[in-house]
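Structure file upload_36.cif; described as mmCIF, C-alpha atoms.
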```
data_my_file
#
loop_
_atom_site.group_PDB
_atom_site.id
_atom_site.type_symbol
_atom_site.label_atom_id
_atom_site.label_comp_id
_atom_site.auth_asym_id
_atom_site.auth_seq_id
_atom_site.Cartn_x
_atom_site.Cartn_y
_atom_site.Cartn_z
ATOM 1 C CA MET W 1 0.000 0.000 0.000
ATOM 2 C CA THR W 2 1.269 3.453 -0.894
ATOM 3 C CA THR W 3 2.295 5.711 1.977
ATOM 4 C CA THR W 4 2.732 9.470 1.903
ATOM 5 C CA GLU W 5 6.276 9.273 3.271
ATOM 6 C CA ALA W 6 8.903 9.451 0.534
ATOM 7 C CA VAL W 7 11.273 6.477 0.468
ATOM 8 C CA ILE W 8 13.206 8.026 -2.429
ATOM 9 C CA ARG W 9 13.928 11.746 -2.543
ATOM 10 C CA VAL W 10 15.869 13.378 -5.374
ATOM 11 C CA GLU W 11 16.813 17.066 -5.190
ATOM 12 C CA LYS W 12 18.414 19.051 -8.027
ATOM 13 C CA LEU W 13 20.359 16.044 -9.244
ATOM 14 C CA THR W 14 22.892 16.750 -12.001
ATOM 15 C CA LYS W 15 25.383 14.526 -13.775
ATOM 16 C CA ARG W 16 27.949 15.790 -16.261
ATOM 17 C CA TYR W 17 30.240 13.827 -18.525
ATOM 18 C CA GLY W 18 32.763 16.414 -19.585
ATOM 19 C CA ALA W 19 30.825 19.198 -21.286
ATOM 20 C CA LYS W 20 27.655 17.112 -21.616
ATOM 21 C CA GLU W 21 24.906 17.076 -19.010
ATOM 22 C CA ALA W 22 23.164 13.712 -18.830
ATOM 23 C CA ILE W 23 20.712 14.986 -16.207
ATOM 24 C CA ARG W 24 20.046 18.605 -15.362
ATOM 25 C CA GLY W 25 18.863 19.429 -11.864
ATOM 26 C CA ILE W 26 15.954 16.981 -11.614
ATOM 27 C CA SER W 27 13.909 16.651 -8.418
ATOM 28 C CA PHE W 28 11.188 14.181 -7.430
ATOM 29 C CA ASP W 29 9.918 12.071 -4.521
ATOM 30 C CA VAL W 30 8.658 8.483 -4.558
ATOM 31 C CA PRO W 31 6.276 7.488 -1.734
ATOM 32 C CA GLY W 32 6.538 4.043 -0.216
ATOM 33 C CA GLY W 33 4.611 1.338 -2.049
ATOM 34 C CA GLN W 34 4.303 3.263 -5.305
ATOM 35 C CA VAL W 35 5.054 1.813 -8.739
ATOM 36 C CA LEU W 36 6.630 4.665 -10.679
ATOM 37 C CA GLY W 37 7.089 4.585 -14.429
ATOM 38 C CA PHE W 38 10.270 6.395 -15.460
ATOM 39 C CA ILE W 39 9.978 7.083 -19.172
ATOM 40 C CA GLY W 40 11.773 9.030 -21.872
ATOM 41 C CA PRO W 41 13.502 8.511 -25.228
ATOM 42 C CA ASN W 42 17.003 7.133 -25.689
ATOM 43 C CA GLY W 43 19.587 9.488 -24.223
ATOM 44 C CA ALA W 44 17.070 11.122 -21.882
ATOM 45 C CA GLY W 45 19.031 10.385 -18.691
ATOM 46 C CA LYS W 46 16.901 7.568 -17.258
ATOM 47 C CA THR W 47 19.694 5.030 -16.860
ATOM 48 C CA THR W 48 22.049 7.666 -15.470
ATOM 49 C CA THR W 49 19.486 8.550 -12.789
ATOM 50 C CA MET W 50 18.993 4.902 -11.887
ATOM 51 C CA LYS W 51 22.739 4.306 -11.648
ATOM 52 C CA ILE W 52 23.017 7.244 -9.255
ATOM 53 C CA LEU W 53 20.155 5.989 -7.074
ATOM 54 C CA THR W 54 21.764 2.548 -6.897
ATOM 55 C CA CYS W 55 25.165 4.086 -6.016
ATOM 56 C CA PHE W 56 26.747 2.758 -9.205
ATOM 57 C CA ILE W 57 27.941 6.256 -10.130
ATOM 58 C CA ALA W 58 28.141 9.522 -8.191
ATOM 59 C CA PRO W 59 26.230 12.692 -9.111
ATOM 60 C CA THR W 60 28.058 15.852 -10.144
ATOM 61 C CA SER W 61 25.807 17.924 -7.899
ATOM 62 C CA GLY W 62 22.532 17.677 -6.043
ATOM 63 C CA SER W 63 21.500 14.964 -3.610
ATOM 64 C CA ALA W 64 19.381 11.844 -3.268
ATOM 65 C CA GLN W 65 18.110 9.849 -0.330
ATOM 66 C CA VAL W 66 16.924 6.249 -0.365
ATOM 67 C CA ALA W 67 15.036 4.957 2.685
ATOM 68 C CA GLY W 68 16.211 8.057 4.549
ATOM 69 C CA LEU W 69 19.883 7.389 3.729
ATOM 70 C CA ASP W 70 22.055 9.747 1.718
ATOM 71 C CA ILE W 71 23.460 7.933 -1.319
ATOM 72 C CA SER W 72 26.878 9.542 -0.956
ATOM 73 C CA ALA W 73 27.362 9.152 2.778
ATOM 74 C CA HIS W 74 25.737 5.720 3.170
ATOM 75 C CA SER W 75 26.153 3.990 -0.178
ATOM 76 C CA LEU W 76 26.583 0.472 1.224
ATOM 77 C CA GLU W 77 23.463 0.760 3.394
ATOM 78 C CA VAL W 78 21.512 2.144 0.424
ATOM 79 C CA ARG W 79 22.491 -0.836 -1.715
ATOM 80 C CA ARG W 80 21.125 -3.188 0.923
ATOM 81 C CA LYS W 81 17.738 -1.486 0.569
ATOM 82 C CA ILE W 82 17.583 -1.810 -3.210
ATOM 83 C CA GLY W 83 17.101 -4.620 -5.692
ATOM 84 C CA TYR W 84 18.475 -3.567 -9.064
ATOM 85 C CA LEU W 85 17.889 -5.067 -12.489
ATOM 86 C CA PRO W 86 20.001 -3.193 -15.068
ATOM 87 C CA GLU W 87 19.078 -3.202 -18.752
ATOM 88 C CA ASP W 88 21.874 -5.669 -19.565
ATOM 89 C CA THR W 89 21.129 -8.329 -16.970
ATOM 90 C CA PRO W 90 24.428 -9.525 -15.450
ATOM 91 C CA LEU W 91 24.144 -13.316 -15.356
ATOM 92 C CA TYR W 92 26.663 -16.161 -15.260
ATOM 93 C CA HIS W 93 25.539 -18.442 -18.079
ATOM 94 C CA ASP W 94 27.640 -21.415 -17.014
ATOM 95 C CA LEU W 95 25.919 -21.674 -13.618
ATOM 96 C CA THR W 96 22.603 -23.378 -13.011
ATOM 97 C CA VAL W 97 19.765 -21.135 -11.869
ATOM 98 C CA LEU W 98 20.100 -22.538 -8.345
ATOM 99 C CA GLU W 99 23.860 -21.972 -8.293
ATOM 100 C CA PHE W 100 23.455 -18.428 -9.544
ATOM 101 C CA LEU W 101 20.830 -17.568 -6.909
ATOM 102 C CA GLN W 102 23.040 -19.125 -4.210
ATOM 103 C CA PHE W 103 25.868 -16.909 -5.418
ATOM 104 C CA ALA W 104 23.587 -13.843 -5.446
ATOM 105 C CA ALA W 105 22.395 -14.589 -1.916
ATOM 106 C CA ALA W 106 25.972 -14.889 -0.660
ATOM 107 C CA LEU W 107 26.987 -11.713 -2.478
ATOM 108 C CA ARG W 108 24.060 -9.892 -0.857
ATOM 109 C CA GLN W 109 25.179 -11.233 2.531
ATOM 110 C CA VAL W 110 21.884 -12.978 3.196
ATOM 111 C CA ASP W 111 22.084 -14.848 6.511
ATOM 112 C CA PRO W 112 23.215 -18.422 5.680
ATOM 113 C CA GLU W 113 20.331 -19.794 7.758
ATOM 114 C CA ARG W 114 17.850 -17.833 5.608
ATOM 115 C CA ARG W 115 19.367 -18.395 2.177
ATOM 116 C CA ARG W 116 17.391 -21.511 1.324
ATOM 117 C CA ASP W 117 14.115 -19.805 2.231
ATOM 118 C CA ARG W 118 15.025 -16.642 0.314
ATOM 119 C CA ILE W 119 16.005 -18.612 -2.780
ATOM 120 C CA ARG W 120 12.773 -20.585 -2.613
ATOM 121 C CA SER W 121 10.720 -17.408 -2.134
ATOM 122 C CA ALA W 122 12.390 -15.537 -5.005
ATOM 123 C CA SER W 123 12.144 -18.521 -7.352
ATOM 124 C CA ASP W 124 8.456 -19.001 -6.479
ATOM 125 C CA VAL W 125 7.615 -15.343 -7.106
ATOM 126 C CA CYS W 126 9.491 -15.385 -10.427
ATOM 127 C CA GLY W 127 8.182 -18.776 -11.573
ATOM 128 C CA LEU W 128 11.564 -20.512 -11.710
ATOM 129 C CA GLY W 129 10.683 -23.748 -9.924
ATOM 130 C CA GLY W 130 10.883 -25.868 -13.065
ATOM 131 C CA VAL W 131 14.251 -24.581 -14.297
ATOM 132 C CA MET W 132 16.377 -24.427 -11.152
ATOM 133 C CA ALA W 133 18.657 -27.243 -12.379
ATOM 134 C CA GLN W 134 19.150 -25.760 -15.856
ATOM 135 C CA ARG W 135 22.126 -23.642 -16.837
ATOM 136 C CA VAL W 136 21.283 -19.975 -17.157
ATOM 137 C CA GLY W 137 22.706 -19.873 -20.687
ATOM 138 C CA GLU W 138 20.230 -22.557 -21.809
ATOM 139 C CA LEU W 139 17.174 -20.498 -20.825
ATOM 140 C CA SER W 140 15.024 -18.333 -23.072
ATOM 141 C CA LYS W 141 15.412 -14.548 -22.819
ATOM 142 C CA GLY W 142 12.166 -14.385 -20.860
ATOM 143 C CA TYR W 143 13.400 -16.857 -18.264
ATOM 144 C CA ARG W 144 16.759 -15.112 -18.040
ATOM 145 C CA GLN W 145 14.857 -11.920 -17.181
ATOM 146 C CA ARG W 146 13.026 -13.871 -14.489
ATOM 147 C CA VAL W 147 16.389 -14.984 -13.094
ATOM 148 C CA GLY W 148 17.518 -11.356 -13.117
ATOM 149 C CA LEU W 149 14.413 -10.348 -11.175
ATOM 150 C CA ALA W 150 14.976 -13.183 -8.722
ATOM 151 C CA GLN W 151 18.512 -11.978 -7.960
ATOM 152 C CA ALA W 152 17.140 -8.477 -7.404
ATOM 153 C CA LEU W 153 14.633 -9.895 -4.903
ATOM 154 C CA ILE W 154 16.954 -12.395 -3.205
ATOM 155 C CA HIS W 155 17.717 -10.170 -0.171
ATOM 156 C CA ASP W 156 14.072 -9.051 0.172
ATOM 157 C CA PRO W 157 14.687 -5.320 -0.441
ATOM 158 C CA PRO W 158 11.882 -2.803 0.094
ATOM 159 C CA ILE W 159 12.762 -0.984 -3.169
ATOM 160 C CA LEU W 160 13.185 -2.320 -6.707
ATOM 161 C CA ILE W 161 14.747 -0.402 -9.591
ATOM 162 C CA LEU W 162 14.145 -2.056 -12.949
ATOM 163 C CA ASP W 163 15.783 -0.655 -16.077
ATOM 164 C CA GLU W 164 14.066 -1.865 -19.279
ATOM 165 C CA PRO W 165 13.080 -5.255 -17.788
ATOM 166 C CA THR W 166 11.228 -6.296 -20.977
ATOM 167 C CA SER W 167 13.957 -5.315 -23.444
ATOM 168 C CA GLY W 168 14.309 -7.885 -26.220
ATOM 169 C CA LEU W 169 11.339 -10.009 -25.146
ATOM 170 C CA ASP W 170 8.598 -11.286 -27.433
ATOM 171 C CA PRO W 171 4.945 -10.215 -26.808
ATOM 172 C CA ASN W 172 4.106 -13.286 -24.716
ATOM 173 C CA GLN W 173 7.203 -12.849 -22.560
ATOM 174 C CA ILE W 174 6.420 -9.142 -22.131
ATOM 175 C CA VAL W 175 2.988 -10.012 -20.748
ATOM 176 C CA GLU W 176 4.543 -12.525 -18.349
ATOM 177 C CA ILE W 177 7.086 -10.020 -17.005
ATOM 178 C CA ARG W 178 4.419 -7.301 -16.808
ATOM 179 C CA GLU W 179 2.196 -9.477 -14.637
ATOM 180 C CA LEU W 180 5.183 -10.406 -12.498
ATOM 181 C CA ILE W 181 6.047 -6.730 -11.929
ATOM 182 C CA LYS W 182 2.430 -5.976 -11.019
ATOM 183 C CA GLU W 183 2.531 -8.747 -8.425
ATOM 184 C CA ILE W 184 5.833 -7.518 -6.963
ATOM 185 C CA GLY W 185 4.505 -3.937 -6.905
ATOM 186 C CA ARG W 186 1.819 -4.922 -4.420
ATOM 187 C CA GLU W 187 4.512 -5.403 -1.784
ATOM 188 C CA LYS W 188 7.395 -3.097 -2.729
ATOM 189 C CA THR W 189 8.266 0.352 -4.028
ATOM 190 C CA VAL W 190 9.208 0.031 -7.698
ATOM 191 C CA ILE W 191 10.820 2.363 -10.222
ATOM 192 C CA LEU W 192 10.314 0.938 -13.698
ATOM 193 C CA SER W 193 12.004 2.290 -16.806
ATOM 194 C CA SER W 194 10.576 1.131 -20.120
ATOM 195 C CA HIS W 195 10.181 2.243 -23.722
ATOM 196 C CA ILE W 196 7.096 0.037 -24.010
ATOM 197 C CA LEU W 197 4.381 2.428 -22.912
ATOM 198 C CA PRO W 198 1.591 -0.185 -22.587
ATOM 199 C CA ILE W 199 3.759 -1.851 -19.909
ATOM 200 C CA VAL W 200 3.924 1.451 -18.042
ATOM 201 C CA GLU W 201 0.190 2.047 -18.430
ATOM 202 C CA ALA W 202 -0.632 -1.442 -17.148
ATOM 203 C CA THR W 203 1.684 -1.447 -14.123
ATOM 204 C CA CYS W 204 2.391 2.094 -12.923
ATOM 205 C CA GLY W 205 0.291 4.378 -10.757
ATOM 206 C CA ARG W 206 2.424 7.383 -11.660
ATOM 207 C CA ILE W 207 4.861 8.395 -14.373
ATOM 208 C CA ILE W 208 7.807 10.746 -14.678
ATOM 209 C CA LEU W 209 8.783 11.787 -18.197
ATOM 210 C CA ILE W 210 12.392 12.876 -18.601
ATOM 211 C CA HIS W 211 13.753 14.349 -21.813
ATOM 212 C CA ARG W 212 17.321 15.456 -22.530
ATOM 213 C CA GLY W 213 18.161 15.416 -18.857
ATOM 214 C CA GLU W 214 15.158 17.429 -17.671
ATOM 215 C CA LEU W 215 11.963 16.367 -15.936
ATOM 216 C CA ILE W 216 9.108 17.580 -18.140
ATOM 217 C CA ALA W 217 6.032 15.735 -16.801
ATOM 218 C CA ASP W 218 5.102 14.134 -13.483
ATOM 219 C CA GLY W 219 1.784 12.690 -12.289
ATOM 220 C CA THR W 220 -0.706 9.914 -12.850
ATOM 221 C CA ILE W 221 -1.110 8.864 -16.471
ATOM 222 C CA ASP W 222 -4.589 10.405 -16.578
ATOM 223 C CA ASP W 223 -3.306 13.701 -15.167
ATOM 224 C CA VAL W 224 -0.364 13.885 -17.584
ATOM 225 C CA VAL W 225 -2.553 13.077 -20.581
ATOM 226 C CA ARG W 226 -5.169 15.581 -19.424
ATOM 227 C CA GLU W 227 -2.576 18.329 -19.002
ATOM 228 C CA HIS W 228 -0.568 17.759 -22.149
ATOM 229 C CA GLY W 229 -2.939 15.854 -24.423
ATOM 230 C CA GLU W 230 -5.241 17.147 -27.102
ATOM 231 C CA GLU W 231 -8.675 16.409 -28.479
ATOM 232 C CA ARG W 232 -8.694 15.448 -32.122
ATOM 233 C CA VAL W 233 -11.771 15.477 -34.316
ATOM 234 C CA PHE W 234 -11.952 13.232 -37.346
ATOM 235 C CA LEU W 235 -14.478 13.727 -40.126
ATOM 236 C CA ARG W 236 -15.007 12.233 -43.537
ATOM 237 C CA LEU W 237 -16.659 14.141 -46.322
ATOM 238 C CA ALA W 238 -17.884 12.941 -49.693
ATOM 239 C CA ASP W 239 -15.751 15.655 -51.327
ATOM 240 C CA GLY W 240 -13.052 17.484 -49.381
ATOM 241 C CA ALA W 241 -11.522 19.748 -52.000
ATOM 242 C CA PRO W 242 -12.279 23.121 -50.292
ATOM 243 C CA ALA W 243 -12.889 21.798 -46.773
ATOM 244 C CA GLU W 244 -9.309 21.742 -45.484
ATOM 245 C CA GLN W 245 -8.753 25.462 -46.110
ATOM 246 C CA VAL W 246 -12.201 26.450 -44.782
ATOM 247 C CA LEU W 247 -11.920 24.399 -41.580
ATOM 248 C CA ASP W 248 -8.410 25.716 -40.944
ATOM 249 C CA ARG W 249 -9.956 29.179 -40.507
ATOM 250 C CA LEU W 250 -12.582 27.949 -38.055
ATOM 251 C CA GLY W 251 -12.294 29.444 -34.556
ATOM 252 C CA GLY W 252 -10.529 27.200 -32.035
ATOM 253 C CA VAL W 253 -8.844 25.052 -34.684
ATOM 254 C CA GLU W 254 -5.077 24.732 -34.292
ATOM 255 C CA HIS W 255 -4.248 22.394 -37.127
ATOM 256 C CA VAL W 256 -6.008 20.579 -39.996
ATOM 257 C CA LYS W 257 -4.645 17.724 -42.044
ATOM 258 C CA GLY W 258 -6.554 16.036 -44.848
ATOM 259 C CA CYS W 259 -6.080 13.158 -47.223
ATOM 260 C CA ARG W 260 -8.097 10.987 -49.586
ATOM 261 C CA ALA W 261 -9.653 8.129 -47.576
ATOM 262 C CA ALA W 262 -8.696 4.619 -48.653
ATOM 263 C CA ASP W 263 -12.293 3.419 -48.697
ATOM 264 C CA ASP W 264 -14.478 6.429 -49.494
ATOM 265 C CA GLY W 265 -14.478 10.224 -49.421
ATOM 266 C CA TYR W 266 -11.990 12.661 -47.902
ATOM 267 C CA LEU W 267 -10.653 12.235 -44.357
ATOM 268 C CA LEU W 268 -9.670 15.215 -42.180
ATOM 269 C CA ALA W 269 -8.078 15.388 -38.717
ATOM 270 C CA LEU W 270 -8.433 18.587 -36.665
ATOM 271 C CA GLU W 271 -6.734 19.617 -33.425
ATOM 272 C CA GLY W 272 -8.130 22.280 -31.107
ATOM 273 C CA ARG W 273 -6.143 25.014 -29.416
ATOM 274 C CA ASP W 274 -7.319 24.463 -25.841
ATOM 275 C CA GLY W 275 -8.756 20.970 -25.904
ATOM 276 C CA ASP W 276 -12.254 22.299 -26.693
ATOM 277 C CA ASP W 277 -14.811 20.005 -28.309
ATOM 278 C CA LEU W 278 -14.991 21.273 -31.886
ATOM 279 C CA ARG W 279 -17.731 18.976 -33.154
ATOM 280 C CA ALA W 280 -20.625 21.419 -32.896
ATOM 281 C CA ASP W 281 -18.720 24.147 -34.734
ATOM 282 C CA ILE W 282 -17.514 21.685 -37.372
ATOM 283 C CA HIS W 283 -21.014 20.325 -37.903
ATOM 284 C CA GLY W 284 -22.310 23.867 -38.367
ATOM 285 C CA CYS W 285 -19.549 24.614 -40.875
ATOM 286 C CA VAL W 286 -20.345 21.446 -42.810
ATOM 287 C CA LYS W 287 -24.022 22.355 -42.919
ATOM 288 C CA ASP W 288 -23.381 25.977 -43.951
ATOM 289 C CA ASN W 289 -21.150 24.869 -46.827
ATOM 290 C CA GLY W 290 -23.493 22.153 -48.016
ATOM 291 C CA TRP W 291 -20.912 19.365 -47.691
ATOM 292 C CA THR W 292 -21.966 15.733 -47.400
ATOM 293 C CA LEU W 293 -20.833 14.425 -44.006
ATOM 294 C CA LEU W 294 -20.024 10.711 -43.858
ATOM 295 C CA MET W 295 -18.425 10.528 -40.392
ATOM 296 C CA LEU W 296 -17.663 12.784 -37.411
ATOM 297 C CA GLU W 297 -16.030 11.680 -34.145
ATOM 298 C CA SER W 298 -13.777 12.981 -31.377
ATOM 299 C CA ARG W 299 -10.786 11.073 -29.987
ATOM 300 C CA SER W 300 -8.597 11.970 -27.028
ATOM 301 C CA THR W 301 -4.850 11.618 -27.354
ATOM 302 C CA GLY W 302 -3.188 8.933 -25.229
ATOM 303 C CA LEU W 303 0.127 8.525 -23.439
ATOM 304 C CA GLU W 304 1.974 7.648 -26.651
ATOM 305 C CA ASP W 305 0.744 10.863 -28.316
ATOM 306 C CA VAL W 306 1.768 12.937 -25.283
ATOM 307 C CA PHE W 307 5.166 11.218 -25.179
ATOM 308 C CA ARG W 308 5.804 12.048 -28.837
ATOM 309 C CA LYS W 309 4.576 15.624 -28.439
ATOM 310 C CA LEU W 310 6.726 16.415 -25.387
ATOM 311 C CA THR W 311 9.877 14.649 -26.516
ATOM 312 C CA ALA W 312 9.859 16.271 -29.943
ATOM 313 C CA GLN W 313 10.826 19.559 -28.287
ATOM 314 C CA GLY W 314 13.932 20.845 -26.530
ATOM 315 C CA PRO W 315 17.667 21.439 -27.040
ATOM 316 C CA GLU W 316 20.108 19.072 -28.658
ATOM 317 C CA ALA W 317 20.075 15.709 -26.928
ATOM 318 C CA ASP W 318 22.842 14.312 -24.744
ATOM 319 C CA GLN W 319 23.373 10.645 -25.492
ATOM 320 C CA MET W 320 23.759 9.367 -21.947
#
```

In structure tokens, how does this file's structure come out?
Amino acid sequence: MTTTEAVIRVEKLTKRYGAKEAIRGISFDVPGGQVLGFIGPNGAGKTTTMKILTCFIAPTSGSAQVAGLDISAHSLEVRRKIGYLPEDTPLYHDLTVLEFLQFAAALRQVDPERRRDRIRSASDVCGLGGVMAQRVGELSKGYRQRVGLAQALIHDPPILILDEPTSGLDPNQIVEIRELIKEIGREKTVILSSHILPIVEATCGRIILIHRGELIADGTIDDVVREHGEERVFLRLADGAPAEQVLDRLGGVEHVKGCRAADDGYLLALEGRDGDDLRADIHGCVKDNGWTLLMLESRSTGLEDVFRKLTAQGPEADQM
């Protein structure tokens, strides 16, 4: 269950690589028990932020706290609180799944008397019971991701940081990992980075959108779409020759794009300036001009549309 107390707190975090800034003064809090989607295009700074939070690299400036511990002053204690699955899952392919999880438990300094129980618990959660005797290198990519999740859970951390956990998986494997993350998110605080927006929509209660090192959107998916999305009106006319120019001059219309429909007539898409419903005005314009209306409907933009709109803007990208 989500609590109001922040278990992760990031304040004005900056990371520079020479003259390039991978992240530029970002700040955000993550309450306990929340599943946060951390999204952005390639080079946005997502992985850099995650590496800082997991104490893999140090920030240039700013600060971050994890479970009340400063990442710079208490890096070892912070690592004990976090389970981390990087994008390139570090696995030993020559070991069996059981041997690898035993190694991970020892590396995480799990009490020897609790290791068997922790391995059993992690393997049960991740659905590895039937492959424990197989070598990691013999597993499918989906099962290797499950092994990676199991090693992140082996020490029972309260916080999970998952960087592109579905990268390279087929659609069936993506669904499996998505459901697994949803199950884990009922018990732990999770930061999930993914380019696959349906995964984020299905698993995350909140999203942060980062672009070229800057935080540009933060909130529930509905709130972000409501704030940055647009209403689009689609209509099909029997003959659209003059309609595109006429509708472009209609009050409240920001943009009109038309093309010959594949099946019948002329298809036009209109965007409003302030998210207003344009259908009544469009219908009146159609009637006044004597056009034959074949279809008229309004569609709200979704997270993918908002993502593309917001990440198409800004200064030259830093590839970090």

**Request:** Determine the nearest neighbour of Thr166 (chain W) from the options W:Asp88, W:Leu237, W:Gly129, W:Leu107, counting all atoms listed in the file.
**Result:** W:Asp88

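With all atoms listed in the file as the atoms that count, the minimum distance from Gly252 (chain W) to the choices W:Glu164, W:Asp277, W:Asp239, W:Glu187 is reached by W:Asp277.
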
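Protein and nucleic acid residues near (24.4, 23.3, -18.6) are W:Thr14, W:Lys15, W:Arg16, W:Tyr17, W:Gly18, W:Ala19, W:Lys20, W:Glu21, W:Ala22, W:Ile23, W:Arg24, W:Gly25, W:Thr60, W:Arg212, W:Gly213, W:Glu214, W:Pro315, W:Glu316, W:Asp318, the criterion being any atom at most 12 Å away using only C-alpha atoms.
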
Output C-alpha atoms for every residue in the selection just made, as a short mmCIF file (atom, residue, chain, number, x, y, z; two decimals), keeping the file's coordinate frame.
```cif
data_model
loop_
_atom_site.label_atom_id
_atom_site.label_comp_id
_atom_site.auth_asym_id
_atom_site.auth_seq_id
_atom_site.Cartn_x
_atom_site.Cartn_y
_atom_site.Cartn_z
CA THR W 14 22.89 16.75 -12.00
CA LYS W 15 25.38 14.53 -13.78
CA ARG W 16 27.95 15.79 -16.26
CA TYR W 17 30.24 13.83 -18.52
CA GLY W 18 32.76 16.41 -19.58
CA ALA W 19 30.82 19.20 -21.29
CA LYS W 20 27.66 17.11 -21.62
CA GLU W 21 24.91 17.08 -19.01
CA ALA W 22 23.16 13.71 -18.83
CA ILE W 23 20.71 14.99 -16.21
CA ARG W 24 20.05 18.60 -15.36
CA GLY W 25 18.86 19.43 -11.86
CA THR W 60 28.06 15.85 -10.14
CA ARG W 212 17.32 15.46 -22.53
CA GLY W 213 18.16 15.42 -18.86
CA GLU W 214 15.16 17.43 -17.67
CA PRO W 315 17.67 21.44 -27.04
CA GLU W 316 20.11 19.07 -28.66
CA ASP W 318 22.84 14.31 -24.74
#
```

**Message:** Just to confirm, what's the straight-line distance from CA of Ile26 (chain W) to CA of Thr311 (chain W) in Å (one decimal)?
**Reply:**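 About the pair CA of Ile26 (chain W) and CA of Thr311 (chain W): they are 16.3 Å apart.
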
Let me have the centre and edge lengths of the axis-aligned box enclosing all listed atoms of region 227-239 of chain W with 6 Å padding on every side, in Å to one decimal, as lines of an AutoDock Vina configuration file.
```
center_x = -9.2
center_y = 15.3
center_z = -35.2
size_x = 29.3
size_y = 18.1
size_z = 44.3
```

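CA of Val66 (chain W) to CA of Thr47 (chain W) spans 16.8 Å [interatomic distance, one decimal].
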
**Prompt:** For Ala44 (chain W), which residue out of W:Ala312, W:Gly302, W:Thr220, W:His211 is the nearest one, using only C-alpha atoms?
**Reply:**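 Ranked by minimum distance to Ala44 (chain W), first place goes to W:His211.
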
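With CA of Arg9 (chain W) on one side and CA of Leu69 (chain W) on the other, the separation reads 9.7 Å.
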
**Message:** Which residues, named as in the file, does the PyMOL selection byres ((chain W and resi 259) around 12) pick out? Answer as a VMD selection string.
**Reply:** chain W and resid 234 to 237 239 to 241 243 to 244 256 to 258 260 to 269

**Prompt:** Hey, which of W:Arg249, W:Lys141, W:Lys12, W:Arg135 ends up closest to Leu95 (chain W)? Count only C-alpha atoms.
**Reply:**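 Of W:Arg249, W:Lys141, W:Lys12, W:Arg135, the one nearest Leu95 (chain W) is W:Arg135, counting only C-alpha atoms.
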
Write out N, CA and C atoms for region 66-78 of chain W, as an mmCIF file, in the frame of the given file.
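Saved as selection-v4.cif:
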```cif
data_model
loop_
_atom_site.group_PDB
_atom_site.id
_atom_site.type_symbol
_atom_site.label_atom_id
_atom_site.label_comp_id
_atom_site.auth_asym_id
_atom_site.auth_seq_id
_atom_site.Cartn_x
_atom_site.Cartn_y
_atom_site.Cartn_z
ATOM 1 N N VAL W 66 17.658 7.485 -0.184
ATOM 2 C CA VAL W 66 16.924 6.249 -0.365
ATOM 3 C C VAL W 66 16.681 5.657 1.016
ATOM 4 N N ALA W 67 15.411 5.461 1.360
ATOM 5 C CA ALA W 67 15.036 4.957 2.685
ATOM 6 C C ALA W 67 15.647 5.814 3.789
ATOM 7 N N GLY W 68 15.690 7.125 3.561
ATOM 8 C CA GLY W 68 16.211 8.057 4.549
ATOM 9 C C GLY W 68 17.719 8.139 4.611
ATOM 10 N N LEU W 69 18.421 7.434 3.720
ATOM 11 C CA LEU W 69 19.883 7.389 3.729
ATOM 12 C C LEU W 69 20.432 8.159 2.539
ATOM 13 N N ASP W 70 21.414 9.002 2.792
ATOM 14 C CA ASP W 70 22.055 9.747 1.718
ATOM 15 C C ASP W 70 22.908 8.794 0.879
ATOM 16 N N ILE W 71 22.769 8.885 -0.457
ATOM 17 C CA ILE W 71 23.460 7.933 -1.319
ATOM 18 C C ILE W 71 24.974 8.105 -1.299
ATOM 19 N N SER W 72 25.434 9.306 -0.986
ATOM 20 C CA SER W 72 26.878 9.542 -0.956
ATOM 21 C C SER W 72 27.498 9.133 0.366
ATOM 22 N N ALA W 73 26.808 9.432 1.453
ATOM 23 C CA ALA W 73 27.362 9.152 2.778
ATOM 24 C C ALA W 73 27.128 7.718 3.230
ATOM 25 N N HIS W 74 26.103 7.059 2.690
ATOM 26 C CA HIS W 74 25.737 5.720 3.170
ATOM 27 C C HIS W 74 25.473 4.786 1.988
ATOM 28 N N SER W 75 26.403 4.742 1.053
ATOM 29 C CA SER W 75 26.153 3.990 -0.178
ATOM 30 C C SER W 75 25.947 2.498 0.069
ATOM 31 N N LEU W 76 26.716 1.904 0.975
ATOM 32 C CA LEU W 76 26.583 0.472 1.224
ATOM 33 C C LEU W 76 25.221 0.153 1.829
ATOM 34 N N GLU W 77 24.775 0.977 2.786
ATOM 35 C CA GLU W 77 23.463 0.760 3.394
ATOM 36 C C GLU W 77 22.349 0.949 2.372
ATOM 37 N N VAL W 78 22.512 1.924 1.472
ATOM 38 C CA VAL W 78 21.512 2.144 0.424
ATOM 39 C C VAL W 78 21.392 0.910 -0.465
#
```
